[in-house]
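Trainee: Quick one, upload.pdb (PDB, C-alpha atoms):
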MODEL        1
ATOM      1  CA  MET O   1      33.088   3.977   0.835
ATOM      2  CA  ILE O   2      30.925   2.506   3.583
ATOM      3  CA  LYS O   3      30.021  -1.175   3.175
ATOM      4  CA  LEU O   4      26.389  -2.124   3.710
ATOM      5  CA  GLN O   5      25.147  -5.589   2.848
ATOM      6  CA  GLY O   6      23.364  -8.671   4.105
ATOM      7  CA  SER O   7      20.605  -8.862   6.691
ATOM      8  CA  ILE O   8      19.850  -5.488   8.270
ATOM      9  CA  PRO O   9      16.808  -5.607  10.570
ATOM     10  CA  ALA O  10      14.641  -2.519  10.799
ATOM     11  CA  LEU O  11      14.419  -2.729  14.583
ATOM     12  CA  VAL O  12      11.199  -2.246  16.481
ATOM     13  CA  THR O  13      11.338   0.363  19.243
ATOM     14  CA  PRO O  14      10.407  -1.450  22.484
ATOM     15  CA  LEU O  15       7.908   0.371  24.683
ATOM     16  CA  ARG O  16       6.605  -0.192  28.183
ATOM     17  CA  GLY O  17       3.859   1.924  29.709
ATOM     18  CA  GLY O  18       4.116   4.418  26.874
ATOM     19  CA  ALA O  19       7.838   5.066  27.427
ATOM     20  CA  LEU O  20      10.953   3.783  25.699
ATOM     21  CA  ASP O  21      12.178   0.436  27.028
ATOM     22  CA  LEU O  22      15.901   0.681  26.366
ATOM     23  CA  GLU O  23      16.685  -2.468  28.344
ATOM     24  CA  ALA O  24      14.476  -4.404  25.944
ATOM     25  CA  LEU O  25      16.238  -2.683  23.038
ATOM     26  CA  GLN O  26      19.533  -4.006  24.392
ATOM     27  CA  ARG O  27      18.056  -7.528  24.549
ATOM     28  CA  LEU O  28      16.786  -7.195  21.001
ATOM     29  CA  ILE O  29      20.171  -6.069  19.692
ATOM     30  CA  ALA O  30      21.965  -8.860  21.565
ATOM     31  CA  PHE O  31      19.527 -11.311  19.944
ATOM     32  CA  GLN O  32      20.366  -9.828  16.550
ATOM     33  CA  LEU O  33      24.121  -9.963  17.008
ATOM     34  CA  GLU O  34      23.949 -13.577  18.214
ATOM     35  CA  GLY O  35      22.027 -14.360  15.028
ATOM     36  CA  GLY O  36      24.697 -12.986  12.716
ATOM     37  CA  THR O  37      22.948  -9.787  11.682
ATOM     38  CA  HIS O  38      25.104  -7.607   9.401
ATOM     39  CA  GLY O  39      23.779  -4.168  10.399
ATOM     40  CA  LEU O  40      20.937  -2.477  12.269
ATOM     41  CA  VAL O  41      18.371   0.201  11.454
ATOM     42  CA  ALA O  42      17.090   2.226  14.401
ATOM     43  CA  CYS O  43      14.132   4.623  14.205
ATOM     44  CA  GLY O  44      12.932   3.410  10.820
ATOM     45  CA  THR O  45       9.309   2.829   9.880
ATOM     46  CA  THR O  46       9.221  -0.428  11.853
ATOM     47  CA  GLY O  47      10.663   1.545  14.781
ATOM     48  CA  GLU O  48       7.511   3.725  14.772
ATOM     49  CA  SER O  49       9.621   6.771  13.972
ATOM     50  CA  PRO O  50       6.639   9.059  13.198
ATOM     51  CA  THR O  51       5.492   8.661  16.823
ATOM     52  CA  LEU O  52       8.884   9.353  18.430
ATOM     53  CA  SER O  53       9.849  12.777  19.700
ATOM     54  CA  ASP O  54      13.182  14.170  18.563
ATOM     55  CA  ALA O  55      14.582  13.527  22.049
ATOM     56  CA  GLU O  56      13.403   9.900  21.939
ATOM     57  CA  HIS O  57      14.875   9.536  18.447
ATOM     58  CA  ALA O  58      18.294  10.582  19.764
ATOM     59  CA  ARG O  59      18.032   8.313  22.818
ATOM     60  CA  VAL O  60      17.121   5.245  20.758
ATOM     61  CA  ILE O  61      19.982   5.781  18.307
ATOM     62  CA  ALA O  62      22.531   6.380  21.076
ATOM     63  CA  ALA O  63      21.355   3.266  22.931
ATOM     64  CA  ALA O  64      21.491   1.207  19.743
ATOM     65  CA  VAL O  65      25.020   2.401  18.939
ATOM     66  CA  GLU O  66      26.181   1.505  22.445
ATOM     67  CA  ALA O  67      24.638  -1.975  22.300
ATOM     68  CA  ALA O  68      25.739  -2.684  18.719
ATOM     69  CA  GLY O  69      29.491  -2.441  19.284
ATOM     70  CA  ARG O  70      31.231  -2.653  15.922
ATOM     71  CA  THR O  71      28.017  -3.414  14.019
ATOM     72  CA  ILE O  72      26.863  -0.411  12.011
ATOM     73  CA  VAL O  73      23.714   1.405  13.115
ATOM     74  CA  ILE O  74      21.778   3.160  10.361
ATOM     75  CA  ALA O  75      19.519   5.877  11.746
ATOM     76  CA  GLY O  76      16.135   6.587  10.222
ATOM     77  CA  CYS O  77      16.128  10.349   9.607
ATOM     78  CA  GLY O  78      13.175  10.831   7.287
ATOM     79  CA  ALA O  79      10.739  13.707   7.667
ATOM     80  CA  ALA O  80       8.170  15.569   5.617
ATOM     81  CA  SER O  81      10.236  18.725   6.087
ATOM     82  CA  THR O  82      13.777  19.093   4.727
ATOM     83  CA  GLU O  83      14.740  21.210   7.733
ATOM     84  CA  HIS O  84      13.472  18.563  10.152
ATOM     85  CA  ALA O  85      15.268  15.769   8.278
ATOM     86  CA  ILE O  86      18.526  17.740   8.535
ATOM     87  CA  LYS O  87      17.985  18.148  12.275
ATOM     88  CA  LEU O  88      17.393  14.415  12.709
ATOM     89  CA  ALA O  89      20.465  13.555  10.637
ATOM     90  CA  LYS O  90      22.644  15.922  12.680
ATOM     91  CA  GLN O  91      21.521  14.415  15.967
ATOM     92  CA  ALA O  92      21.935  10.892  14.548
ATOM     93  CA  LYS O  93      25.541  11.679  13.687
ATOM     94  CA  ALA O  94      26.076  13.137  17.156
ATOM     95  CA  ALA O  95      24.633   9.949  18.665
ATOM     96  CA  GLY O  96      27.195   7.845  16.783
ATOM     97  CA  ALA O  97      25.180   6.459  13.869
ATOM     98  CA  GLY O  98      27.261   5.147  10.983
ATOM     99  CA  ALA O  99      24.766   6.127   8.295
ATOM    100  CA  SER O 100      21.325   7.614   7.816
ATOM    101  CA  LEU O 101      18.233   6.231   6.098
ATOM    102  CA  VAL O 102      16.104   9.025   4.641
ATOM    103  CA  VAL O 103      12.644   8.272   3.305
ATOM    104  CA  THR O 104      11.006  10.367   0.620
ATOM    105  CA  PRO O 105       8.993  13.217   2.174
ATOM    106  CA  TYR O 106       5.478  11.976   2.818
ATOM    107  CA  TYR O 107       2.080  13.625   2.363
ATOM    108  CA  ASN O 108       3.299  16.760   0.561
ATOM    109  CA  ARG O 109       4.193  14.774  -2.594
ATOM    110  CA  PRO O 110       7.124  16.776  -4.039
ATOM    111  CA  SER O 111       8.160  16.599  -7.692
ATOM    112  CA  GLN O 112      11.258  14.717  -8.813
ATOM    113  CA  ALA O 113      13.123  18.026  -8.820
ATOM    114  CA  GLY O 114      11.894  18.645  -5.279
ATOM    115  CA  LEU O 115      13.029  15.193  -4.185
ATOM    116  CA  PHE O 116      16.480  15.769  -5.673
ATOM    117  CA  ALA O 117      16.771  19.116  -3.888
ATOM    118  CA  HIS O 118      15.567  17.584  -0.600
ATOM    119  CA  PHE O 119      18.102  14.753  -0.509
ATOM    120  CA  LYS O 120      20.931  16.935  -1.827
ATOM    121  CA  ALA O 121      20.308  19.513   0.905
ATOM    122  CA  ILE O 122      20.509  16.854   3.640
ATOM    123  CA  ALA O 123      23.652  15.293   2.154
ATOM    124  CA  GLU O 124      25.344  18.691   1.991
ATOM    125  CA  ALA O 125      24.279  19.707   5.507
ATOM    126  CA  VAL O 126      25.381  16.539   7.332
ATOM    127  CA  ASP O 127      28.597  14.611   6.678
ATOM    128  CA  LEU O 128      27.034  11.188   7.184
ATOM    129  CA  PRO O 129      26.622   8.423   4.575
ATOM    130  CA  MET O 130      22.997   8.342   3.424
ATOM    131  CA  LEU O 131      20.739   5.645   2.067
ATOM    132  CA  LEU O 132      17.792   6.953   0.086
ATOM    133  CA  TYR O 133      14.526   5.190   0.932
ATOM    134  CA  ASN O 134      11.762   4.765  -1.608
ATOM    135  CA  VAL O 135       8.479   3.263  -0.387
ATOM    136  CA  PRO O 136       5.657   4.658  -2.563
ATOM    137  CA  ALA O 137       2.939   2.607  -0.859
ATOM    138  CA  ARG O 138       3.510   4.553   2.371
ATOM    139  CA  THR O 139       4.558   7.992   1.166
ATOM    140  CA  SER O 140       2.449   8.441  -1.999
ATOM    141  CA  VAL O 141       5.545   9.640  -3.866
ATOM    142  CA  ASP O 142       7.851   7.537  -6.051
ATOM    143  CA  LEU O 143      11.580   8.285  -6.279
ATOM    144  CA  LEU O 144      12.129   7.422  -9.928
ATOM    145  CA  PRO O 145      15.274   5.615 -11.135
ATOM    146  CA  GLU O 146      16.507   8.607 -13.117
ATOM    147  CA  THR O 147      16.389  10.723  -9.951
ATOM    148  CA  VAL O 148      18.189   7.999  -7.973
ATOM    149  CA  ALA O 149      20.876   7.959 -10.688
ATOM    150  CA  LYS O 150      21.408  11.713 -10.329
ATOM    151  CA  LEU O 151      21.497  11.477  -6.538
ATOM    152  CA  SER O 152      24.007   8.615  -6.667
ATOM    153  CA  ARG O 153      26.580  11.184  -7.815
ATOM    154  CA  VAL O 154      26.007  13.498  -4.828
ATOM    155  CA  ALA O 155      28.637  13.247  -2.093
ATOM    156  CA  ASN O 156      27.472  11.299   1.009
ATOM    157  CA  ILE O 157      24.610   9.549  -0.836
ATOM    158  CA  VAL O 158      25.816   5.940  -0.951
ATOM    159  CA  GLY O 159      22.820   3.776  -1.795
ATOM    160  CA  VAL O 160      19.082   3.208  -1.912
ATOM    161  CA  LYS O 161      16.643   1.077   0.026
ATOM    162  CA  ASP O 162      14.049   0.243  -2.602
ATOM    163  CA  ALA O 163      10.623  -0.925  -1.454
ATOM    164  CA  SER O 164       8.871  -0.151  -4.732
ATOM    165  CA  ARG O 165       8.403  -3.905  -5.342
ATOM    166  CA  ASP O 166       9.582  -3.328  -8.934
ATOM    167  CA  LEU O 167      12.465  -5.772  -9.331
ATOM    168  CA  GLY O 168      13.214  -4.381 -12.769
ATOM    169  CA  ARG O 169      14.546  -1.288 -11.058
ATOM    170  CA  VAL O 170      17.434  -3.213  -9.517
ATOM    171  CA  ALA O 171      19.132  -3.675 -12.885
ATOM    172  CA  GLN O 172      18.182  -0.133 -13.918
ATOM    173  CA  HIS O 173      19.782   1.292 -10.790
ATOM    174  CA  ALA O 174      22.859  -0.896 -11.257
ATOM    175  CA  ASN O 175      23.246   0.294 -14.854
ATOM    176  CA  GLU O 176      22.570   3.994 -14.319
ATOM    177  CA  CYS O 177      23.914   4.810 -10.833
ATOM    178  CA  ALA O 178      27.483   5.658  -9.877
ATOM    179  CA  ASP O 179      29.950   2.802  -9.448
ATOM    180  CA  GLY O 180      29.694   1.207  -6.011
ATOM    181  CA  PHE O 181      26.195   2.551  -5.335
ATOM    182  CA  ILE O 182      24.569   0.207  -2.808
ATOM    183  CA  LEU O 183      21.250  -1.481  -3.639
ATOM    184  CA  ILE O 184      19.267  -2.737  -0.645
ATOM    185  CA  SER O 185      15.819  -4.327  -0.724
ATOM    186  CA  GLY O 186      13.075  -3.035   1.531
ATOM    187  CA  GLU O 187      10.818  -6.068   1.072
ATOM    188  CA  ASP O 188      11.454  -9.427   2.742
ATOM    189  CA  ASP O 189       9.292 -11.476   0.424
ATOM    190  CA  THR O 190      11.108 -10.352  -2.737
ATOM    191  CA  ALA O 191      14.613 -10.048  -1.242
ATOM    192  CA  VAL O 192      16.018 -13.190  -2.886
ATOM    193  CA  GLY O 193      14.893 -12.002  -6.306
ATOM    194  CA  PHE O 194      16.201  -8.511  -5.562
ATOM    195  CA  ASN O 195      19.641  -9.918  -4.755
ATOM    196  CA  ALA O 196      19.612 -12.143  -7.828
ATOM    197  CA  MET O 197      19.022  -9.010  -9.915
ATOM    198  CA  GLY O 198      22.068  -7.316  -8.395
ATOM    199  CA  GLY O 199      21.170  -6.241  -4.861
ATOM    200  CA  GLN O 200      23.412  -6.561  -1.830
ATOM    201  CA  GLY O 201      20.980  -7.171   1.024
ATOM    202  CA  CYS O 202      17.704  -6.411   2.750
ATOM    203  CA  ILE O 203      16.535  -3.996   5.418
ATOM    204  CA  SER O 204      14.198  -6.500   6.975
ATOM    205  CA  VAL O 205      11.151  -6.643   9.223
ATOM    206  CA  THR O 206      11.251 -10.435   9.511
ATOM    207  CA  ALA O 207      14.835 -10.333  10.820
ATOM    208  CA  ASN O 208      13.551  -8.815  14.072
ATOM    209  CA  VAL O 209      12.084 -12.223  14.842
ATOM    210  CA  ALA O 210      14.297 -14.596  12.822
ATOM    211  CA  PRO O 211      17.766 -13.035  12.733
ATOM    212  CA  ARG O 212      19.684 -16.272  12.178
ATOM    213  CA  LEU O 213      17.522 -17.452   9.287
ATOM    214  CA  CYS O 214      17.560 -14.029   7.633
ATOM    215  CA  ALA O 215      21.341 -13.750   8.033
ATOM    216  CA  ASP O 216      21.808 -17.256   6.621
ATOM    217  CA  LEU O 217      19.585 -16.376   3.652
ATOM    218  CA  GLN O 218      21.572 -13.226   2.921
ATOM    219  CA  ASN O 219      24.896 -15.003   3.367
ATOM    220  CA  ALA O 220      23.754 -17.599   0.834
ATOM    221  CA  CYS O 221      22.875 -14.835  -1.631
ATOM    222  CA  LEU O 222      26.220 -13.115  -1.109
ATOM    223  CA  ALA O 223      27.935 -16.435  -1.814
ATOM    224  CA  GLY O 224      25.861 -16.956  -4.970
ATOM    225  CA  ASP O 225      24.153 -20.024  -3.490
ATOM    226  CA  TYR O 226      20.617 -19.223  -4.591
ATOM    227  CA  ALA O 227      19.396 -22.798  -4.158
ATOM    228  CA  ARG O 228      20.091 -22.489  -0.426
ATOM    229  CA  ALA O 229      18.667 -18.970  -0.311
ATOM    230  CA  ARG O 230      15.428 -20.163  -1.907
ATOM    231  CA  ALA O 231      15.172 -23.069   0.530
ATOM    232  CA  ILE O 232      15.559 -20.748   3.532
ATOM    233  CA  ASN O 233      13.064 -18.330   2.032
ATOM    234  CA  LEU O 234      10.477 -21.104   1.757
ATOM    235  CA  THR O 235      10.885 -21.658   5.502
ATOM    236  CA  LEU O 236      10.361 -17.928   6.090
ATOM    237  CA  ALA O 237       7.607 -17.293   3.529
ATOM    238  CA  ALA O 238       4.690 -17.544   5.957
ATOM    239  CA  LEU O 239       6.534 -15.373   8.491
ATOM    240  CA  HIS O 240       7.199 -12.658   5.887
ATOM    241  CA  LYS O 241       3.450 -12.505   5.274
ATOM    242  CA  ALA O 242       2.483 -12.751   8.948
ATOM    243  CA  MET O 243       4.623  -9.734   9.864
ATOM    244  CA  PHE O 244       2.067  -7.603   8.000
ATOM    245  CA  VAL O 245      -1.135  -9.397   8.950
ATOM    246  CA  GLU O 246      -2.064  -6.114  10.680
ATOM    247  CA  PRO O 247      -0.357  -2.696  10.501
ATOM    248  CA  SER O 248       3.330  -3.069  11.367
ATOM    249  CA  PRO O 249       4.974  -3.329  13.853
ATOM    250  CA  ALA O 250       2.084  -4.937  15.747
ATOM    251  CA  ALA O 251       2.985  -8.422  14.487
ATOM    252  CA  PRO O 252       6.772  -8.300  14.993
ATOM    253  CA  LYS O 253       6.311  -6.872  18.482
ATOM    254  CA  TYR O 254       3.833  -9.614  19.347
ATOM    255  CA  ALA O 255       6.265 -12.212  18.000
ATOM    256  CA  LEU O 256       9.109 -10.735  20.051
ATOM    257  CA  SER O 257       6.907 -10.821  23.141
ATOM    258  CA  LEU O 258       6.545 -14.577  22.622
ATOM    259  CA  LEU O 259      10.346 -14.766  22.625
ATOM    260  CA  ASP O 260      10.512 -12.734  25.893
ATOM    261  CA  ILE O 261      12.477  -9.946  24.259
ATOM    262  CA  CYS O 262      10.075  -7.015  24.524
ATOM    263  CA  ASP O 263       6.452  -6.149  25.172
ATOM    264  CA  ALA O 264       3.898  -6.165  22.367
ATOM    265  CA  GLU O 265       3.029  -2.516  23.051
ATOM    266  CA  VAL O 266       2.746  -0.077  20.142
ATOM    267  CA  ARG O 267       1.882   3.618  20.045
ATOM    268  CA  ALA O 268      -1.382   5.133  18.906
ATOM    269  CA  PRO O 269      -2.729   5.358  16.294
ATOM    270  CA  LEU O 270      -1.499   1.772  15.912
ATOM    271  CA  LEU O 271      -3.054  -0.984  17.973
ATOM    272  CA  PRO O 272      -1.526  -4.161  19.434
ATOM    273  CA  LEU O 273      -2.027  -7.298  17.403
ATOM    274  CA  SER O 274      -5.602  -8.513  17.693
ATOM    275  CA  GLU O 275      -6.485 -11.867  19.238
ATOM    276  CA  ALA O 276      -7.789 -12.957  15.832
ATOM    277  CA  ALA O 277      -4.385 -12.367  14.200
ATOM    278  CA  GLN O 278      -2.231 -13.844  16.945
ATOM    279  CA  PRO O 279      -2.606 -17.492  15.820
ATOM    280  CA  VAL O 280      -1.407 -16.475  12.327
ATOM    281  CA  VAL O 281       1.858 -15.162  13.777
ATOM    282  CA  ARG O 282       2.313 -18.130  16.110
ATOM    283  CA  ALA O 283       1.744 -20.598  13.263
ATOM    284  CA  ALA O 284       4.267 -18.813  11.027
ATOM    285  CA  MET O 285       6.832 -18.759  13.831
ATOM    286  CA  SER O 286       6.308 -22.473  14.401
ATOM    287  CA  GLN O 287       6.721 -23.187  10.695
ATOM    288  CA  ALA O 288      10.053 -21.337  10.809
ATOM    289  CA  GLY O 289      11.155 -23.337  13.875
ATOM    290  CA  LEU O 290      11.108 -20.312  16.197
ATOM    291  CA  LEU O 291       8.604 -21.684  18.730
TER     292      LEU O 291
ENDMDL
END
Show the structure stored in the file as structure tokens.

Mentor:
Amino acid sequence: MIKLQGSIPALVTPLRGGALDLEALQRLIAFQLEGGTHGLVACGTTGESPTLSDAEHARVIAAAVEAAGRTIVIAGCGAASTEHAIKLAKQAKAAGAGASLVVTPYYNRPSQAGLFAHFKAIAEAVDLPMLLYNVPARTSVDLLPETVAKLSRVANIVGVKDASRDLGRVAQHANECADGFILISGEDDTAVGFNAMGGQGCISVTANVAPRLCADLQNACLAGDYARARAINLTLAALHKAMFVEPSPAAPKYALSLLDICDAEVRAPLLPLSEAAQPVVRAAMSQAGLL
């Protein structure tokens, strides 16, 4: 079974003049690898996946795979349509991704039976390890633990990224899912608690900007050194919050622009970080020793 753990940044998708900036993506991935990142997510929510064309989606994943070397690239392949999600997963596999990350279908709000059928259809159509992704605050649908448990026994479905913010679900998933099912947090600010409850890592927004600190935090958790993990998390606490001071990824892209890694540009309907919010991000970066 595929091994996914530790600090896994949900990479921003660098843009310049409205187009993909793949040179900046290479810089970003080099920055991550130097910081000890354990894996990479390309074309996730933080990568502005809803605004990418299918051709751009494939280009970003292929570029990430090339730059990542032996580090696994997990491709965001979520869509409101099952057919579209299958298409994205097929092209992600063709581009060399090591796994897919598939969010619950948004807006149409399927039932639990519909969610099970959706994920099962993708897993059966594409021979690529899949992480389920549950983020009710964004999708308006909640993938319940009993449905996750059923899906954990479907071939190719290897784990879940849980951003429900319900830490009680970690133990429930661990108890009810198939042996070896991977539990990954989708929330930076609760990641230490998530790991203490039985999780193996975090798909992180903050790690875009602070890869070394996030990797050190996750390594401490994996070693069972929660005193060190808590101490690192205190250093990062303001940055976790600042990354969402305005709709993401405006803040992480602004922060990366301060580090000369990529432009702060985002795609409509998102807006670049406002001048009023910029001091919040700079102060949090300074507190974390990044500026």

Trainee: When the PyMOL selection byres ((chain O and resi 61) around 12) is applied to the structure above, which residues does it catch, written out as a VMD selection string?

Mentor: chain O and resid 11 13 20 22 25 to 26 29 40 to 44 47 49 52 54 to 60 62 to 68 72 to 77 88 to 100

Trainee: Using the chain letters and residue numbers of this document, give as a ChimeraX atom specification the residues selected by the PyMOL selection byres ((chain O and resi 154) around 10).

Mentor: /O:116,119-120,123-124,149-153,155-158,178

Trainee: Just to be explicit: take each residue in the selection above, keep C-alpha atoms, and write the result as a PDB file, in the coordinates of the input.

Mentor:
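What landed in again-v5.pdb:
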ATOM      1  CA  PHE O 116      16.480  15.769  -5.673  1.00  0.00           C
ATOM      2  CA  PHE O 119      18.102  14.753  -0.509  1.00  0.00           C
ATOM      3  CA  LYS O 120      20.931  16.935  -1.827  1.00  0.00           C
ATOM      4  CA  ALA O 123      23.652  15.293   2.154  1.00  0.00           C
ATOM      5  CA  GLU O 124      25.344  18.691   1.991  1.00  0.00           C
ATOM      6  CA  ALA O 149      20.876   7.959 -10.688  1.00  0.00           C
ATOM      7  CA  LYS O 150      21.408  11.713 -10.329  1.00  0.00           C
ATOM      8  CA  LEU O 151      21.497  11.477  -6.538  1.00  0.00           C
ATOM      9  CA  SER O 152      24.007   8.615  -6.667  1.00  0.00           C
ATOM     10  CA  ARG O 153      26.580  11.184  -7.815  1.00  0.00           C
ATOM     11  CA  ALA O 155      28.637  13.247  -2.093  1.00  0.00           C
ATOM     12  CA  ASN O 156      27.472  11.299   1.009  1.00  0.00           C
ATOM     13  CA  ILE O 157      24.610   9.549  -0.836  1.00  0.00           C
ATOM     14  CA  VAL O 158      25.816   5.940  -0.951  1.00  0.00           C
ATOM     15  CA  ALA O 178      27.483   5.658  -9.877  1.00  0.00           C
TER      16      ALA O 178
END

Trainee: Can you tell me how far CA of Ala171 (chain O) sits from CA of Leu239 (chain O), in Å to one decimal?

Mentor: 27.4 Å

Trainee: Between O:Asn208, O:Ser248, O:Asn134, O:Gln112, which residue has the minimum interatomic distance to Leu183 (chain O), considering all atoms listed in the file?

Mentor: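 Distance minimum relative to Leu183 (chain O) lands on O:Asn134.
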
Trainee: List the spatial neighbours of Ala174 (chain O) as an MDAnalysis selection string - criterion: any atom at most 12 Å away, all atoms listed in the file, same-chain residues fewer than 2 positions off excluded.

Mentor: chainID O and resid 145:146 148:149 152 159:160 167:172 176:184 194:195 197:200

Trainee: Could you jot down the CA of Ala113 (chain O) to CA of Asp142 (chain O) separation for me, Å, one decimal place?

Mentor: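 Calculated distance between CA of Ala113 (chain O) and CA of Asp142 (chain O) is 12.1 Å.
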
Trainee: From the list O:Thr147, O:Thr104, O:Ser111, O:Asn219, which residue is nearest Gly36 (chain O) when using all atoms listed in the file?

Mentor: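 Looking only at the distances to Gly36 (chain O), the closest residue turns out to be O:Asn219.
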
Trainee: To verify the selection step, state as a PDB file with C-alpha atoms, in the frame of the given file which residues the PyMOL selection byres ((chain O and resi 139) around 9) yields on this input.

Mentor:
ATOM      1  CA  VAL O 103      12.644   8.272   3.305  1.00  0.00           C
ATOM      2  CA  THR O 104      11.006  10.367   0.620  1.00  0.00           C
ATOM      3  CA  PRO O 105       8.993  13.217   2.174  1.00  0.00           C
ATOM      4  CA  TYR O 106       5.478  11.976   2.818  1.00  0.00           C
ATOM      5  CA  TYR O 107       2.080  13.625   2.363  1.00  0.00           C
ATOM      6  CA  ASN O 108       3.299  16.760   0.561  1.00  0.00           C
ATOM      7  CA  ARG O 109       4.193  14.774  -2.594  1.00  0.00           C
ATOM      8  CA  ASN O 134      11.762   4.765  -1.608  1.00  0.00           C
ATOM      9  CA  VAL O 135       8.479   3.263  -0.387  1.00  0.00           C
ATOM     10  CA  PRO O 136       5.657   4.658  -2.563  1.00  0.00           C
ATOM     11  CA  ALA O 137       2.939   2.607  -0.859  1.00  0.00           C
ATOM     12  CA  ARG O 138       3.510   4.553   2.371  1.00  0.00           C
ATOM     13  CA  SER O 140       2.449   8.441  -1.999  1.00  0.00           C
ATOM     14  CA  VAL O 141       5.545   9.640  -3.866  1.00  0.00           C
ATOM     15  CA  ASP O 142       7.851   7.537  -6.051  1.00  0.00           C
TER      16      ASP O 142
END

Trainee: Of the candidates O:Asp260, O:Asp21, O:Glu48, O:Asp166, which shows the shortest atom-to-atom distance to Ala191 (chain O), using only C-alpha atoms?

Mentor: O:Asp166

Trainee: Report, in Å to a single decimal, how far apart CA of Gly78 (chain O) and CA of Val102 (chain O) are.

Mentor: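 So the answer is 4.3 Å.
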
Trainee: Just want the 10 Å neighbourhood of Lys241 (chain O), counted on all atoms listed in the file, with same-chain residues fewer than 6 positions away dropped. Output as a PyMOL selection string.

Mentor: chain O and resi 188-189+206+280-281+284

Trainee: Next, the residues of the selection above should be written as a PDB file, in the frame of the given file with C-alpha atoms.

Mentor:
ATOM      1  CA  ASP O 188      11.454  -9.427   2.742  1.00  0.00           C
ATOM      2  CA  ASP O 189       9.292 -11.476   0.424  1.00  0.00           C
ATOM      3  CA  THR O 206      11.251 -10.435   9.511  1.00  0.00           C
ATOM      4  CA  VAL O 280      -1.407 -16.475  12.327  1.00  0.00           C
ATOM      5  CA  VAL O 281       1.858 -15.162  13.777  1.00  0.00           C
ATOM      6  CA  ALA O 284       4.267 -18.813  11.027  1.00  0.00           C
TER       7      ALA O 284
END

Trainee: Could you tell me which of O:Val209, O:Met130, O:Leu144, O:Met1 comes closest to Cys262 (chain O) if we count all atoms listed in the file?

Mentor: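 Nearest candidate to Cys262 (chain O) out of O:Val209, O:Met130, O:Leu144, O:Met1: O:Val209.
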
Trainee: Given 8 Å on each side, where is the centre and what are the edge lengths in Å to one decimal of the axis-aligned box enclosing the listed atoms of region 227-244 of chain O, as AutoDock Vina command-line options?

Mentor:
--center_x 11.1 --center_y -15.3 --center_z 2.9 --size_x 34.0 --size_y 31.5 --size_z 30.0

Trainee: List the spatial neighbours of Ala220 (chain O) as a compact mmCIF listing (two decimals) with C-alpha atoms, in the coordinates of the input - criterion: any atom at most 12 Å away, all atoms listed in the file, same-chain residues fewer than 2 positions off excluded.

Mentor:
# COMPACT_ATOMS: atom_id res chain seq x y z
CA GLY O 6 23.36 -8.67 4.11
CA SER O 7 20.60 -8.86 6.69
CA VAL O 192 16.02 -13.19 -2.89
CA ASN O 195 19.64 -9.92 -4.76
CA ALA O 196 19.61 -12.14 -7.83
CA GLN O 200 23.41 -6.56 -1.83
CA GLY O 201 20.98 -7.17 1.02
CA LEU O 213 17.52 -17.45 9.29
CA CYS O 214 17.56 -14.03 7.63
CA ALA O 215 21.34 -13.75 8.03
CA ASP O 216 21.81 -17.26 6.62
CA LEU O 217 19.58 -16.38 3.65
CA GLN O 218 21.57 -13.23 2.92
CA LEU O 222 26.22 -13.12 -1.11
CA ALA O 223 27.94 -16.43 -1.81
CA GLY O 224 25.86 -16.96 -4.97
CA ASP O 225 24.15 -20.02 -3.49
CA TYR O 226 20.62 -19.22 -4.59
CA ALA O 227 19.40 -22.80 -4.16
CA ARG O 228 20.09 -22.49 -0.43
CA ALA O 229 18.67 -18.97 -0.31
CA ARG O 230 15.43 -20.16 -1.91
CA ALA O 231 15.17 -23.07 0.53
CA ILE O 232 15.56 -20.75 3.53
CA ASN O 233 13.06 -18.33 2.03

Trainee: Considering only C-alpha atoms, state which residue in the set O:Lys3, O:Arg165, O:Arg212, O:His240 is at the smallest distance from Gln287 (chain O).

Mentor: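 Among the listed residues, the smallest separation from Gln287 (chain O) belongs to O:His240.
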
Trainee: For the point (9.9, -19.4, 18.5) in the file's frame, write as a PDB file with C-alpha atoms, in the frame of the given file all residues with an atom no more than 10 Å away, counting only C-alpha atoms.

Mentor:
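Okay, part_6.pdb is ready:
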ATOM      1  CA  VAL O 209      12.084 -12.223  14.842  1.00  0.00           C
ATOM      2  CA  ALA O 210      14.297 -14.596  12.822  1.00  0.00           C
ATOM      3  CA  ALA O 255       6.265 -12.212  18.000  1.00  0.00           C
ATOM      4  CA  LEU O 256       9.109 -10.735  20.051  1.00  0.00           C
ATOM      5  CA  LEU O 258       6.545 -14.577  22.622  1.00  0.00           C
ATOM      6  CA  LEU O 259      10.346 -14.766  22.625  1.00  0.00           C
ATOM      7  CA  ASP O 260      10.512 -12.734  25.893  1.00  0.00           C
ATOM      8  CA  ARG O 282       2.313 -18.130  16.110  1.00  0.00           C
ATOM      9  CA  ALA O 283       1.744 -20.598  13.263  1.00  0.00           C
ATOM     10  CA  ALA O 284       4.267 -18.813  11.027  1.00  0.00           C
ATOM     11  CA  MET O 285       6.832 -18.759  13.831  1.00  0.00           C
ATOM     12  CA  SER O 286       6.308 -22.473  14.401  1.00  0.00           C
ATOM     13  CA  GLN O 287       6.721 -23.187  10.695  1.00  0.00           C
ATOM     14  CA  ALA O 288      10.053 -21.337  10.809  1.00  0.00           C
ATOM     15  CA  GLY O 289      11.155 -23.337  13.875  1.00  0.00           C
ATOM     16  CA  LEU O 290      11.108 -20.312  16.197  1.00  0.00           C
ATOM     17  CA  LEU O 291       8.604 -21.684  18.730  1.00  0.00           C
TER      18      LEU O 291
END
